[in-house]
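Down below is the structure, laid out as structure tokens.
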Amino acid sequence: MPHRQLAWLEYTLLFFGVPLLLSRPWGRALPQAPEILLLAVAAPCTVWLRWRRRREGGFWRGDRSAEQRELRRLLRRFGLAGFGIVALVLVAWPARLFDLPAERPGLWALVLLTYPLSVWLQEVVFRAYFFARFRTIFPHRRRMILASAAAFGWVHLPYGNGVAITLAFAGGLFFAATYARSRSLRLVFLEHTLYGSLIFTVGLGGFFLLHGAP
């Protein structure tokens with residue numbers, strides 16, 4: 001099978017077919033611990049990346065000047081977006097605003113401590129691997145960013161609500177754009193961690209529990 005066709009097949013099945021399978025009633029009988037599924041995908045992706053880039057260096061850092069420029073950009077954007085997210089919760093779900101840290105501070109602290117591991121696995125798959133693996137079928141930056149965000153949003157289908165998919169798609173646009181400009185996995189890891197931690201803090205974390213909104 002030609003490389004482009006194989007890449008299209010992988011993109012479709014892995015990022016759209018598997019989430020659709022897991023979202024169906026008969027697919028819910030499969031093991032669905034998110035961390036286990038992420039690890040199962042991220043491990044071979046990491047091996048492939050290291051094999052592919054053994055002559056090109058690692059994928060942890062990008063160009064230093066690009067990193068510094070993007071760091072300032074992402075912090076400004078996070079400040080504005082963070083204000084918007086808090087306002088959204090205040091208007092749409094006021095009873096949930098800051099409910100986790102207020103009602104279950106121990107669980108909230110545990111989530112903030114362990115969440116970065118999940119973020120790292122996600123960024124290996126959806127940014128580092130995705131951009132390297134599918135550049136032949138998405139050669140233009142904007143298409144690559146959109147394709148990455150679409151895949152990132154759709155894999156949240158098993159959570160069973162449109163809020164998770166919408167927020168993940170929006171976040172995916174931010175993360176993919178940051179990675180496209182900087183090629184820095186550590187930078188997009190930071191950005192993703194900031195947004196995820198904010199979501200669990202302000203009351204949106206329940207939408208990211210499997211099979212339904214709270």
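Starting from 1 in every chain, residues are counted up; chains themselves are A, B, ... following the order of the structure tokens, and ligands are numbered from 1 as listed.
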Give me, as CSV, each residue of region 112-136 of chain A that comes within 12 Å of region 3-18 of chain A, together with its shortest interatomic pair and the distance in Å at one decimal, counting only C-alpha atoms, with rows ordered by chain and rising residue number.
```
residue,atom,partner,partner_atom,distance
A:Val125,CA,A:Phe15,CA,10.3
A:Phe126,CA,A:Phe15,CA,9.4
A:Tyr129,CA,A:Tyr11,CA,11.4
A:Phe130,CA,A:Tyr11,CA,8.9
A:Phe131,CA,A:Tyr11,CA,11.6
A:Ala132,CA,A:Ala7,CA,11.1
A:Arg133,CA,A:Ala7,CA,7.5
A:Phe134,CA,A:Ala7,CA,6.3
A:Arg135,CA,A:Ala7,CA,9.3
A:Thr136,CA,A:Arg4,CA,6.7
```
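Excluding region 199-202 of chain A and any residue on its chain fewer than 2 positions from it, the residues at most 6 Å away by only C-alpha atoms are A:Leu97, A:Phe98, A:Gly196, A:Ser197, A:Leu204, A:Gly205.
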Could I get the residues of region 147-213 of chain A with an atom no further than 7 Å from an atom of region 112-119 of chain A, each paired with its nearest atom pair and that distance in Å to one decimal, using only C-alpha atoms, sorted by chain and residue number, as a Markdown table?
```
| residue | atom | partner | partner_atom | distance |
| --- | --- | --- | --- | --- |
| A:Phe189 | CA | A:Val119 | CA | 6.4 |
| A:His192 | CA | A:Val119 | CA | 6.6 |
| A:Thr193 | CA | A:Pro116 | CA | 5.9 |
| A:Ser197 | CA | A:Leu112 | CA | 6.1 |
```
Take the residues from that selection and put them in a file with N, CA and C atoms, as an mmCIF file, in the first residue's frame.
```
data_model
loop_
_atom_site.group_PDB
_atom_site.id
_atom_site.type_symbol
_atom_site.label_atom_id
_atom_site.label_comp_id
_atom_site.auth_asym_id
_atom_site.auth_seq_id
_atom_site.Cartn_x
_atom_site.Cartn_y
_atom_site.Cartn_z
ATOM 1 N N PHE A 189 3.592 20.922 26.005
ATOM 2 C CA PHE A 189 3.277 20.198 27.242
ATOM 3 C C PHE A 189 2.896 21.184 28.345
ATOM 4 N N HIS A 192 -0.627 22.739 27.473
ATOM 5 C CA HIS A 192 -1.702 21.772 27.707
ATOM 6 C C HIS A 192 -1.942 21.579 29.203
ATOM 7 N N THR A 193 -0.873 21.497 29.975
ATOM 8 C CA THR A 193 -1.000 21.327 31.426
ATOM 9 C C THR A 193 -1.708 22.517 32.059
ATOM 10 N N SER A 197 -5.293 21.905 33.869
ATOM 11 C CA SER A 197 -5.371 22.193 35.301
ATOM 12 C C SER A 197 -6.442 23.239 35.586
#
```
Which of A:Ala180, A:Ala92, A:Val155, A:Ala128 sits closest to Arg142 (chain A) [using only C-alpha atoms]: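 The closest residue to Arg142 (chain A) is A:Ala180.
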Residues within 12 Å of Ser65 (chain A), only C-alpha atoms, excluding chain neighbours under 3 positions, as a PyMOL selection string: chain A and resi 61-62+68-72+181-184
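Note that CA of Val86 (chain A) and CA of Gln122 (chain A) are 24.2 Å apart.
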